[in-house]
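A.B. asks: Supplied structure: structure08.pdb, PDB, C-alpha atoms, pLDDT in the B column.
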ATOM      1  CA  MET Y 728      -6.531   7.564  24.046  1.00 46.00           C
ATOM      2  CA  ALA Y 729      -6.806   8.107  20.283  1.00 51.00           C
ATOM      3  CA  PRO Y 730      -5.201   5.452  18.069  1.00 65.00           C
ATOM      4  CA  ILE Y 731      -1.905   6.368  16.423  1.00 80.00           C
ATOM      5  CA  GLN Y 732      -2.385   7.390  12.801  1.00 90.00           C
ATOM      6  CA  PRO Y 733       0.234   6.458  10.183  1.00 95.00           C
ATOM      7  CA  TYR Y 734       2.225   9.248   8.559  1.00 96.00           C
ATOM      8  CA  CYS Y 735       0.225   9.075   5.309  1.00 96.00           C
ATOM      9  CA  GLY Y 736      -3.093   9.208   7.168  1.00 95.00           C
ATOM     10  CA  ALA Y 737      -6.009   6.858   7.573  1.00 94.00           C
ATOM     11  CA  PRO Y 738      -6.495   4.004   5.081  1.00 95.00           C
ATOM     12  CA  PRO Y 739      -8.222   5.487   2.015  1.00 95.00           C
ATOM     13  CA  VAL Y 740     -11.382   4.235   0.364  1.00 89.00           C
ATOM     14  CA  PRO Y 741     -11.305   3.594  -3.395  1.00 91.00           C
ATOM     15  CA  GLY Y 742     -13.625   6.462  -4.276  1.00 89.00           C
ATOM     16  CA  GLY Y 743     -11.621   9.017  -2.329  1.00 90.00           C
ATOM     17  CA  LEU Y 744      -8.059   8.074  -3.252  1.00 95.00           C
ATOM     18  CA  LEU Y 745      -7.501  10.808  -5.838  1.00 92.00           C
ATOM     19  CA  ASP Y 746      -8.145  13.454  -3.188  1.00 93.00           C
ATOM     20  CA  ARG Y 747      -5.399  12.102  -0.921  1.00 96.00           C
ATOM     21  CA  PHE Y 748      -2.334  14.060  -1.982  1.00 97.00           C
ATOM     22  CA  ASN Y 749       0.243  14.428   0.777  1.00 96.00           C
ATOM     23  CA  ILE Y 750       0.699  18.200   1.037  1.00 94.00           C
ATOM     24  CA  ASP Y 751       3.069  18.106   3.999  1.00 96.00           C
ATOM     25  CA  PRO Y 752       4.991  21.444   4.154  1.00 97.00           C
ATOM     26  CA  PRO Y 753       8.176  20.050   5.809  1.00 97.00           C
ATOM     27  CA  LEU Y 754       8.319  17.238   3.241  1.00 97.00           C
ATOM     28  CA  ILE Y 755       7.844  19.582   0.286  1.00 97.00           C
ATOM     29  CA  LEU Y 756      10.401  22.018   1.677  1.00 98.00           C
ATOM     30  CA  ALA Y 757      12.932  19.210   2.212  1.00 97.00           C
ATOM     31  CA  LEU Y 758      12.456  17.902  -1.335  1.00 97.00           C
ATOM     32  CA  LEU Y 759      12.768  21.385  -2.853  1.00 97.00           C
ATOM     33  CA  LEU Y 760      15.879  22.114  -0.812  1.00 97.00           C
ATOM     34  CA  ALA Y 761      17.514  18.800  -1.761  1.00 96.00           C
ATOM     35  CA  ALA Y 762      16.699  19.355  -5.445  1.00 95.00           C
ATOM     36  CA  ALA Y 763      17.996  22.937  -5.348  1.00 95.00           C
ATOM     37  CA  LEU Y 764      21.270  21.971  -3.664  1.00 94.00           C
ATOM     38  CA  HIS Y 765      21.817  19.040  -6.016  1.00 93.00           C
ATOM     39  CA  THR Y 766      21.028  21.170  -9.084  1.00 93.00           C
ATOM     40  CA  ALA Y 767      23.349  23.950  -7.912  1.00 92.00           C
ATOM     41  CA  TRP Y 768      26.144  21.407  -7.395  1.00 90.00           C
ATOM     42  CA  MET Y 769      25.636  20.040 -10.915  1.00 89.00           C
ATOM     43  CA  HIS Y 770      25.766  23.521 -12.458  1.00 87.00           C
ATOM     44  CA  ARG Y 771      28.853  24.432 -10.438  1.00 88.00           C
ATOM     45  CA  HIS Y 772      30.659  21.418 -11.879  1.00 82.00           C
ATOM     46  CA  GLY Y 773      29.498  22.146 -15.425  1.00 83.00           C
ATOM     47  CA  LYS Y 774      27.093  19.204 -15.631  1.00 83.00           C
ATOM     48  CA  SER Y 775      23.521  18.961 -16.830  1.00 84.00           C
ATOM     49  CA  ALA Y 776      20.992  18.965 -14.012  1.00 90.00           C
ATOM     50  CA  THR Y 777      18.393  17.009 -15.990  1.00 92.00           C
ATOM     51  CA  LEU Y 778      19.006  13.726 -14.175  1.00 92.00           C
ATOM     52  CA  ALA Y 779      19.009  15.394 -10.759  1.00 92.00           C
ATOM     53  CA  ILE Y 780      15.732  17.195 -11.449  1.00 94.00           C
ATOM     54  CA  SER Y 781      14.161  14.013 -12.842  1.00 96.00           C
ATOM     55  CA  GLY Y 782      15.287  11.992  -9.830  1.00 96.00           C
ATOM     56  CA  TRP Y 783      13.944  14.428  -7.249  1.00 97.00           C
ATOM     57  CA  ALA Y 784      10.689  14.839  -9.197  1.00 97.00           C
ATOM     58  CA  THR Y 785      10.266  11.050  -9.163  1.00 98.00           C
ATOM     59  CA  ALA Y 786      10.949  10.913  -5.426  1.00 98.00           C
ATOM     60  CA  ALA Y 787       8.431  13.721  -4.883  1.00 98.00           C
ATOM     61  CA  ALA Y 788       5.803  11.792  -6.826  1.00 97.00           C
ATOM     62  CA  ALA Y 789       6.368   8.730  -4.633  1.00 97.00           C
ATOM     63  CA  PHE Y 790       5.787  10.708  -1.427  1.00 98.00           C
ATOM     64  CA  ILE Y 791       3.270  13.396  -2.433  1.00 97.00           C
ATOM     65  CA  SER Y 792       0.941  11.503  -4.779  1.00 97.00           C
ATOM     66  CA  PRO Y 793      -2.009   9.393  -3.515  1.00 97.00           C
ATOM     67  CA  LEU Y 794       0.381   6.428  -3.557  1.00 98.00           C
ATOM     68  CA  CYS Y 795       1.406   7.554  -0.069  1.00 97.00           C
ATOM     69  CA  ALA Y 796      -2.151   7.101   1.221  1.00 97.00           C
ATOM     70  CA  LEU Y 797      -2.645   3.856  -0.697  1.00 98.00           C
ATOM     71  CA  SER Y 798       0.460   2.433   0.987  1.00 98.00           C
ATOM     72  CA  VAL Y 799      -1.430   2.605   4.287  1.00 97.00           C
ATOM     73  CA  SER Y 800      -3.995   0.158   2.911  1.00 97.00           C
ATOM     74  CA  LEU Y 801      -1.871  -2.081   0.702  1.00 98.00           C
ATOM     75  CA  PHE Y 802       1.527  -3.656   1.248  1.00 98.00           C
ATOM     76  CA  SER Y 803       1.901  -3.856  -2.532  1.00 98.00           C
ATOM     77  CA  ALA Y 804       1.488  -0.070  -2.748  1.00 98.00           C
ATOM     78  CA  ARG Y 805       4.224   0.435  -0.133  1.00 98.00           C
ATOM     79  CA  VAL Y 806       6.521  -1.898  -2.088  1.00 98.00           C
ATOM     80  CA  GLY Y 807       5.609  -0.031  -5.274  1.00 97.00           C
ATOM     81  CA  GLN Y 808       6.586   3.210  -3.550  1.00 98.00           C
ATOM     82  CA  HIS Y 809       9.907   1.671  -2.551  1.00 97.00           C
ATOM     83  CA  MET Y 810      10.578   0.379  -6.068  1.00 96.00           C
ATOM     84  CA  ILE Y 811       9.925   3.835  -7.535  1.00 97.00           C
ATOM     85  CA  LEU Y 812      12.473   5.265  -5.104  1.00 97.00           C
ATOM     86  CA  LEU Y 813      15.071   2.479  -5.438  1.00 96.00           C
ATOM     87  CA  LEU Y 814      14.788   1.543  -9.116  1.00 94.00           C
ATOM     88  CA  ILE Y 815      13.912   4.890 -10.747  1.00 94.00           C
ATOM     89  CA  ALA Y 816      14.692   7.887  -8.529  1.00 97.00           C
ATOM     90  CA  ALA Y 817      17.898   6.513  -6.971  1.00 96.00           C
ATOM     91  CA  PRO Y 818      19.664   5.588 -10.249  1.00 93.00           C
ATOM     92  CA  LEU Y 819      18.641   8.921 -11.817  1.00 94.00           C
ATOM     93  CA  LEU Y 820      20.201  10.789  -8.891  1.00 95.00           C
ATOM     94  CA  ALA Y 821      23.242   8.521  -8.724  1.00 92.00           C
ATOM     95  CA  ALA Y 822      23.988   8.849 -12.447  1.00 86.00           C
ATOM     96  CA  GLY Y 823      24.807  12.526 -11.971  1.00 77.00           C
ATOM     97  CA  LEU Y 824      27.117  12.033  -8.994  1.00 81.00           C
ATOM     98  CA  PRO Y 825      30.925  11.935  -9.237  1.00 74.00           C
ATOM     99  CA  ARG Y 826      32.802   8.701  -9.806  1.00 72.00           C
ATOM    100  CA  VAL Y 827      32.941   6.452  -6.766  1.00 71.00           C
ATOM    101  CA  ARG Y 828      36.386   5.239  -5.802  1.00 72.00           C
ATOM    102  CA  GLY Y 829      37.019   1.829  -4.330  1.00 73.00           C
ATOM    103  CA  GLU Y 830      34.997  -1.347  -4.285  1.00 79.00           C
ATOM    104  CA  PRO Y 831      31.175  -1.405  -4.056  1.00 88.00           C
ATOM    105  CA  TRP Y 832      30.968  -3.942  -1.213  1.00 92.00           C
ATOM    106  CA  ALA Y 833      30.095  -1.561   1.635  1.00 94.00           C
ATOM    107  CA  ALA Y 834      27.222  -0.045  -0.349  1.00 94.00           C
ATOM    108  CA  THR Y 835      26.051  -3.517  -1.402  1.00 95.00           C
ATOM    109  CA  ALA Y 836      26.083  -4.827   2.167  1.00 97.00           C
ATOM    110  CA  LEU Y 837      24.260  -1.811   3.599  1.00 97.00           C
ATOM    111  CA  PHE Y 838      21.552  -1.993   0.949  1.00 97.00           C
ATOM    112  CA  PHE Y 839      21.139  -5.725   1.575  1.00 97.00           C
ATOM    113  CA  VAL Y 840      20.713  -5.246   5.341  1.00 98.00           C
ATOM    114  CA  LEU Y 841      18.288  -2.329   5.063  1.00 98.00           C
ATOM    115  CA  LEU Y 842      16.141  -3.874   2.326  1.00 98.00           C
ATOM    116  CA  TRP Y 843      15.591  -7.049   4.346  1.00 98.00           C
ATOM    117  CA  LEU Y 844      15.258  -5.243   7.672  1.00 98.00           C
ATOM    118  CA  TRP Y 845      12.502  -2.870   6.585  1.00 98.00           C
ATOM    119  CA  HIS Y 846      10.529  -5.612   4.825  1.00 97.00           C
ATOM    120  CA  MET Y 847      10.453  -7.871   7.853  1.00 97.00           C
ATOM    121  CA  PRO Y 848       7.106  -7.897   9.737  1.00 97.00           C
ATOM    122  CA  ALA Y 849       8.092  -6.214  13.023  1.00 98.00           C
ATOM    123  CA  PRO Y 850      10.180  -3.280  11.681  1.00 98.00           C
ATOM    124  CA  TYR Y 851       7.653  -2.764   8.893  1.00 98.00           C
ATOM    125  CA  ALA Y 852       4.743  -2.613  11.351  1.00 97.00           C
ATOM    126  CA  ALA Y 853       6.657  -0.148  13.522  1.00 97.00           C
ATOM    127  CA  THR Y 854       6.602   2.403  10.687  1.00 98.00           C
ATOM    128  CA  PHE Y 855       2.833   2.645  11.127  1.00 97.00           C
ATOM    129  CA  THR Y 856       3.162   3.674  14.766  1.00 96.00           C
ATOM    130  CA  SER Y 857       5.790   6.436  14.538  1.00 96.00           C
ATOM    131  CA  ASP Y 858       6.555   9.149  11.979  1.00 97.00           C
ATOM    132  CA  ALA Y 859      10.200   9.022  13.079  1.00 97.00           C
ATOM    133  CA  ILE Y 860      10.430   5.304  12.281  1.00 98.00           C
ATOM    134  CA  TYR Y 861       8.558   5.845   9.003  1.00 98.00           C
ATOM    135  CA  TRP Y 862      11.122   8.416   7.876  1.00 98.00           C
ATOM    136  CA  THR Y 863      14.022   6.372   9.200  1.00 98.00           C
ATOM    137  CA  MET Y 864      12.853   3.581   6.902  1.00 98.00           C
ATOM    138  CA  HIS Y 865      12.559   5.747   3.827  1.00 98.00           C
ATOM    139  CA  VAL Y 866      15.633   7.913   4.306  1.00 98.00           C
ATOM    140  CA  SER Y 867      17.861   4.928   5.053  1.00 98.00           C
ATOM    141  CA  LEU Y 868      16.501   2.852   2.169  1.00 98.00           C
ATOM    142  CA  PHE Y 869      16.632   5.713  -0.319  1.00 98.00           C
ATOM    143  CA  GLY Y 870      20.058   6.857   0.818  1.00 97.00           C
ATOM    144  CA  SER Y 871      21.527   3.368   0.626  1.00 97.00           C
ATOM    145  CA  GLY Y 872      19.931   2.956  -2.806  1.00 96.00           C
ATOM    146  CA  ILE Y 873      21.575   6.139  -4.099  1.00 96.00           C
ATOM    147  CA  TRP Y 874      24.951   5.068  -2.705  1.00 94.00           C
ATOM    148  CA  LEU Y 875      24.596   1.600  -4.225  1.00 93.00           C
ATOM    149  CA  TRP Y 876      23.623   2.941  -7.640  1.00 92.00           C
ATOM    150  CA  ALA Y 877      26.470   5.453  -7.554  1.00 91.00           C
ATOM    151  CA  SER Y 878      28.848   2.539  -6.879  1.00 88.00           C
ATOM    152  CA  LEU Y 879      27.351   0.469  -9.695  1.00 87.00           C
ATOM    153  CA  LEU Y 880      27.076   3.196 -12.325  1.00 86.00           C
ATOM    154  CA  ASN Y 881      29.980   5.532 -11.629  1.00 78.00           C
ATOM    155  CA  HIS Y 882      32.985   3.246 -11.289  1.00 67.00           C
ATOM    156  CA  ASP Y 883      36.243   2.996 -13.162  1.00 65.00           C
ATOM    157  CA  ALA Y 884      37.090   0.087 -15.409  1.00 62.00           C
ATOM    158  CA  ARG Y 885      39.343  -1.529 -12.807  1.00 66.00           C
ATOM    159  CA  SER Y 886      36.308  -2.123 -10.585  1.00 66.00           C
ATOM    160  CA  GLY Y 887      34.280  -3.654 -13.392  1.00 68.00           C
ATOM    161  CA  PHE Y 888      34.388  -7.275 -12.264  1.00 75.00           C
ATOM    162  CA  SER Y 889      33.721  -6.505  -8.604  1.00 81.00           C
ATOM    163  CA  THR Y 890      30.829  -4.278  -9.712  1.00 81.00           C
ATOM    164  CA  LEU Y 891      29.507  -7.153 -11.817  1.00 81.00           C
ATOM    165  CA  ALA Y 892      29.595  -9.349  -8.710  1.00 85.00           C
ATOM    166  CA  ALA Y 893      27.941  -6.661  -6.567  1.00 87.00           C
ATOM    167  CA  GLY Y 894      25.164  -6.114  -9.109  1.00 85.00           C
ATOM    168  CA  THR Y 895      24.583  -9.858  -9.410  1.00 86.00           C
ATOM    169  CA  ILE Y 896      24.478 -10.325  -5.633  1.00 90.00           C
ATOM    170  CA  THR Y 897      22.021  -7.434  -5.275  1.00 91.00           C
ATOM    171  CA  SER Y 898      19.851  -8.902  -8.023  1.00 88.00           C
ATOM    172  CA  VAL Y 899      19.835 -12.296  -6.317  1.00 89.00           C
ATOM    173  CA  GLN Y 900      19.147 -11.014  -2.801  1.00 93.00           C
ATOM    174  CA  MET Y 901      16.318  -8.706  -3.926  1.00 93.00           C
ATOM    175  CA  GLY Y 902      14.878 -11.555  -5.980  1.00 92.00           C
ATOM    176  CA  MET Y 903      15.090 -13.875  -2.964  1.00 95.00           C
ATOM    177  CA  LEU Y 904      13.219 -11.422  -0.745  1.00 96.00           C
ATOM    178  CA  GLY Y 905      10.580 -10.937  -3.424  1.00 96.00           C
ATOM    179  CA  ALA Y 906      10.257 -14.701  -3.797  1.00 96.00           C
ATOM    180  CA  VAL Y 907       9.853 -15.197  -0.030  1.00 96.00           C
ATOM    181  CA  LEU Y 908       7.027 -12.654   0.023  1.00 97.00           C
ATOM    182  CA  THR Y 909       5.393 -13.998  -3.139  1.00 97.00           C
ATOM    183  CA  LEU Y 910       5.551 -17.692  -2.326  1.00 96.00           C
ATOM    184  CA  SER Y 911       4.617 -17.407   1.353  1.00 95.00           C
ATOM    185  CA  ARG Y 912       1.400 -19.129   2.415  1.00 95.00           C
ATOM    186  CA  HIS Y 913       0.808 -16.718   5.295  1.00 96.00           C
ATOM    187  CA  ALA Y 914       0.156 -12.986   5.385  1.00 97.00           C
ATOM    188  CA  MET Y 915       2.909 -11.486   7.530  1.00 97.00           C
ATOM    189  CA  PHE Y 916       2.128  -7.770   7.705  1.00 98.00           C
ATOM    190  CA  THR Y 917      -0.393  -6.982  10.435  1.00 97.00           C
ATOM    191  CA  PRO Y 918      -1.029  -3.322   9.455  1.00 96.00           C
ATOM    192  CA  HIS Y 919      -2.792  -4.599   6.332  1.00 97.00           C
ATOM    193  CA  TYR Y 920      -4.886  -7.387   7.827  1.00 97.00           C
ATOM    194  CA  PHE Y 921      -8.051  -5.278   7.738  1.00 95.00           C
ATOM    195  CA  THR Y 922      -7.319  -2.751   4.975  1.00 96.00           C
ATOM    196  CA  THR Y 923      -7.014  -4.793   1.780  1.00 97.00           C
ATOM    197  CA  GLU Y 924     -10.589  -6.033   1.307  1.00 96.00           C
ATOM    198  CA  ALA Y 925     -11.896  -2.683   0.057  1.00 95.00           C
ATOM    199  CA  TRP Y 926      -9.361  -2.895  -2.766  1.00 97.00           C
ATOM    200  CA  GLY Y 927     -10.267  -6.425  -3.817  1.00 96.00           C
ATOM    201  CA  PHE Y 928      -7.324  -8.192  -2.153  1.00 97.00           C
ATOM    202  CA  THR Y 929      -6.825 -10.553   0.723  1.00 97.00           C
ATOM    203  CA  PRO Y 930      -3.846  -9.741   2.957  1.00 98.00           C
ATOM    204  CA  LEU Y 931      -2.001 -12.684   1.414  1.00 98.00           C
ATOM    205  CA  SER Y 932      -2.694 -11.781  -2.222  1.00 98.00           C
ATOM    206  CA  ASP Y 933      -1.674  -8.196  -1.500  1.00 98.00           C
ATOM    207  CA  GLN Y 934       1.599  -9.431   0.000  1.00 98.00           C
ATOM    208  CA  GLN Y 935       2.202 -11.719  -2.976  1.00 97.00           C
ATOM    209  CA  LEU Y 936       1.684  -8.848  -5.409  1.00 97.00           C
ATOM    210  CA  GLY Y 937       4.152  -6.753  -3.433  1.00 97.00           C
ATOM    211  CA  GLY Y 938       6.672  -9.570  -3.556  1.00 97.00           C
ATOM    212  CA  ALA Y 939       6.276  -9.882  -7.327  1.00 96.00           C
ATOM    213  CA  LEU Y 940       6.827  -6.129  -7.762  1.00 95.00           C
ATOM    214  CA  MET Y 941      10.117  -6.510  -5.914  1.00 94.00           C
ATOM    215  CA  TRP Y 942      11.124  -9.819  -7.425  1.00 91.00           C
ATOM    216  CA  VAL Y 943      10.988  -9.207 -11.167  1.00 86.00           C
ATOM    217  CA  PRO Y 944      11.874  -5.522 -11.806  1.00 84.00           C
ATOM    218  CA  GLY Y 945      14.591  -5.361  -9.166  1.00 78.00           C
ATOM    219  CA  CYS Y 946      16.160  -8.639 -10.200  1.00 76.00           C
ATOM    220  CA  LEU Y 947      16.309  -7.668 -13.873  1.00 78.00           C
ATOM    221  CA  LEU Y 948      17.555  -4.117 -13.368  1.00 78.00           C
ATOM    222  CA  PHE Y 949      20.419  -4.989 -11.042  1.00 74.00           C
ATOM    223  CA  LEU Y 950      21.385  -7.897 -13.289  1.00 74.00           C
ATOM    224  CA  TRP Y 951      21.495  -5.504 -16.233  1.00 75.00           C
ATOM    225  CA  VAL Y 952      23.793  -3.071 -14.456  1.00 74.00           C
ATOM    226  CA  GLY Y 953      26.052  -5.965 -13.499  1.00 68.00           C
ATOM    227  CA  THR Y 954      26.419  -7.076 -17.115  1.00 72.00           C
ATOM    228  CA  ARG Y 955      27.040  -3.447 -18.101  1.00 68.00           C
ATOM    229  CA  SER Y 956      29.967  -3.360 -15.689  1.00 66.00           C
ATOM    230  CA  PHE Y 957      31.292  -6.610 -17.158  1.00 64.00           C
ATOM    231  CA  ARG Y 958      31.270  -5.134 -20.664  1.00 66.00           C
ATOM    232  CA  LEU Y 959      33.134  -2.029 -19.473  1.00 63.00           C
ATOM    233  CA  ALA Y 960      35.748  -4.146 -17.711  1.00 60.00           C
ATOM    234  CA  TRP Y 961      36.201  -6.375 -20.747  1.00 58.00           C
ATOM    235  CA  ARG Y 962      36.674  -3.385 -23.025  1.00 60.00           C
ATOM    236  CA  ALA Y 963      39.312  -2.046 -20.647  1.00 54.00           C
ATOM    237  CA  ILE Y 964      41.163  -5.399 -20.787  1.00 54.00           C
ATOM    238  CA  ASP Y 965      40.999  -5.406 -24.599  1.00 53.00           C
ATOM    239  CA  GLY Y 966      42.280  -1.838 -24.669  1.00 54.00           C
ATOM    240  CA  ALA Y 967      45.188  -2.716 -22.392  1.00 51.00           C
ATOM    241  CA  ARG Y 968      46.117  -5.704 -24.564  1.00 55.00           C
ATOM    242  CA  ALA Y 969      45.963  -3.619 -27.721  1.00 54.00           C
ATOM    243  CA  ALA Y 970      48.227  -0.997 -26.160  1.00 55.00           C
TER     244      ALA Y 970
END
The structure in this file should be written as structure tokens.

C.D. replies:
Amino acid sequence: MAPIQPYCGAPPVPGGLLDRFNIDPPLILALLLAAALHTAWMHRHGKSATLAISGWATAAAAFISPLCALSVSLFSARVGQHMILLLIAAPLLAAGLPRVRGEPWAATALFFVLLWLWHMPAPYAATFTSDAIYWTMHVSLFGSGIWLWASLLNHDARSGFSTLAAGTITSVQMGMLGAVLTLSRHAMFTPHYFTTEAWGFTPLSDQQLGGALMWVPGCLLFLWVGTRSFRLAWRAIDGARAA
């Protein structure tokens, strides 16, 4: 029985990486359809579609570029793919969505659960054995990221302080997960035990790099959006006092 091949194909070799674009027709069709529907919605509501187009183009780059193949070899590449989706594509898409009503706690909790779940050894390894699990990981992570960013960016002033708390909590929990991966003394991700050497890494150093990619950028970006919400809330309080 032939071994199961990951969605992005066999682990690439350094000299052949640039030839490993992921030209998967269903994926490309899905991305084009999502971008077209989102753009049409923006135009229908009289809004610029620049952010929507930029967000979907960024997501397409994460899935279609050779980064997809590299993520089969390196945990740090998979984390890099996730950070592109969660810290660049998701906020670009969320910024063009309508204002979110209510508190951001449901979105914060869902993102917390999914981020930790899919970066635990067993669920992570399962994505290398099934295309369905692979796409469940990415769709759920990306979707929860868009919802979270929409809650953090598109809120009214009354939700400013709760959004500050949600952004701070997200910053801390993502930083904690990154720190666990970076400071661990043991390589935890079996799919990469025999695929990192060609790229000049040990499985542990690859994992530590992945943890650092999650730790620093994610921590800083979510902390920034939290302080942004605080400033908006404070201005609203000042405006109410002045009135």

A.B. asks: Rounded to one decimal in Å, what is the spacing between atom CA of Thr917 of chain Y and atom CA of Thr854 of chain Y?

C.D. replies: 11.7 Å

A.B. asks: Would you translate the PyMOL selection byres ((chain Y and resi 864) around 9) into the concrete set of residues it matches in this file, as a PyMOL selection string?

C.D. replies: chain Y and resi 841+845+850-851+854+859-863+865-869

A.B. asks: Between atom CA of Trp768 of chain Y and atom CA of Leu948 of chain Y, measure the distance and give it in Å to one decimal.

C.D. replies: 27.6 Å

A.B. asks: For the file shown, report as a PDB file with C-alpha atoms, keeping the file's coordinate frame the outcome of the PyMOL selection byres ((chain Y and resi 793) around 9) at residue level.

C.D. replies:
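Wrote expr_23.pdb, looks like this:
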ATOM      1  CA  LEU Y 744      -8.059   8.074  -3.252  1.00 95.00           C
ATOM      2  CA  LEU Y 745      -7.501  10.808  -5.838  1.00 92.00           C
ATOM      3  CA  ASP Y 746      -8.145  13.454  -3.188  1.00 93.00           C
ATOM      4  CA  ARG Y 747      -5.399  12.102  -0.921  1.00 96.00           C
ATOM      5  CA  PHE Y 748      -2.334  14.060  -1.982  1.00 97.00           C
ATOM      6  CA  ASN Y 749       0.243  14.428   0.777  1.00 96.00           C
ATOM      7  CA  ALA Y 788       5.803  11.792  -6.826  1.00 97.00           C
ATOM      8  CA  ALA Y 789       6.368   8.730  -4.633  1.00 97.00           C
ATOM      9  CA  PHE Y 790       5.787  10.708  -1.427  1.00 98.00           C
ATOM     10  CA  ILE Y 791       3.270  13.396  -2.433  1.00 97.00           C
ATOM     11  CA  SER Y 792       0.941  11.503  -4.779  1.00 97.00           C
ATOM     12  CA  LEU Y 794       0.381   6.428  -3.557  1.00 98.00           C
ATOM     13  CA  CYS Y 795       1.406   7.554  -0.069  1.00 97.00           C
ATOM     14  CA  ALA Y 796      -2.151   7.101   1.221  1.00 97.00           C
ATOM     15  CA  LEU Y 797      -2.645   3.856  -0.697  1.00 98.00           C
ATOM     16  CA  SER Y 798       0.460   2.433   0.987  1.00 98.00           C
TER      17      SER Y 798
END

A.B. asks: Please enumerate the residues selected by the PyMOL selection byres ((chain Y and resi 913) around 12) when evaluated against the supplied file, formatted as a list in words.

C.D. replies: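 Residues picked by the PyMOL selection byres ((chain Y and resi 913) around 12): Pro848, Val907, Leu908, Thr909, Leu910, Ser911, Arg912, Ala914, Met915, Phe916, Thr917, Tyr920, Thr929, Pro930, Leu931, Ser932, Asp933, Gln934 and Gln935 of chain Y.
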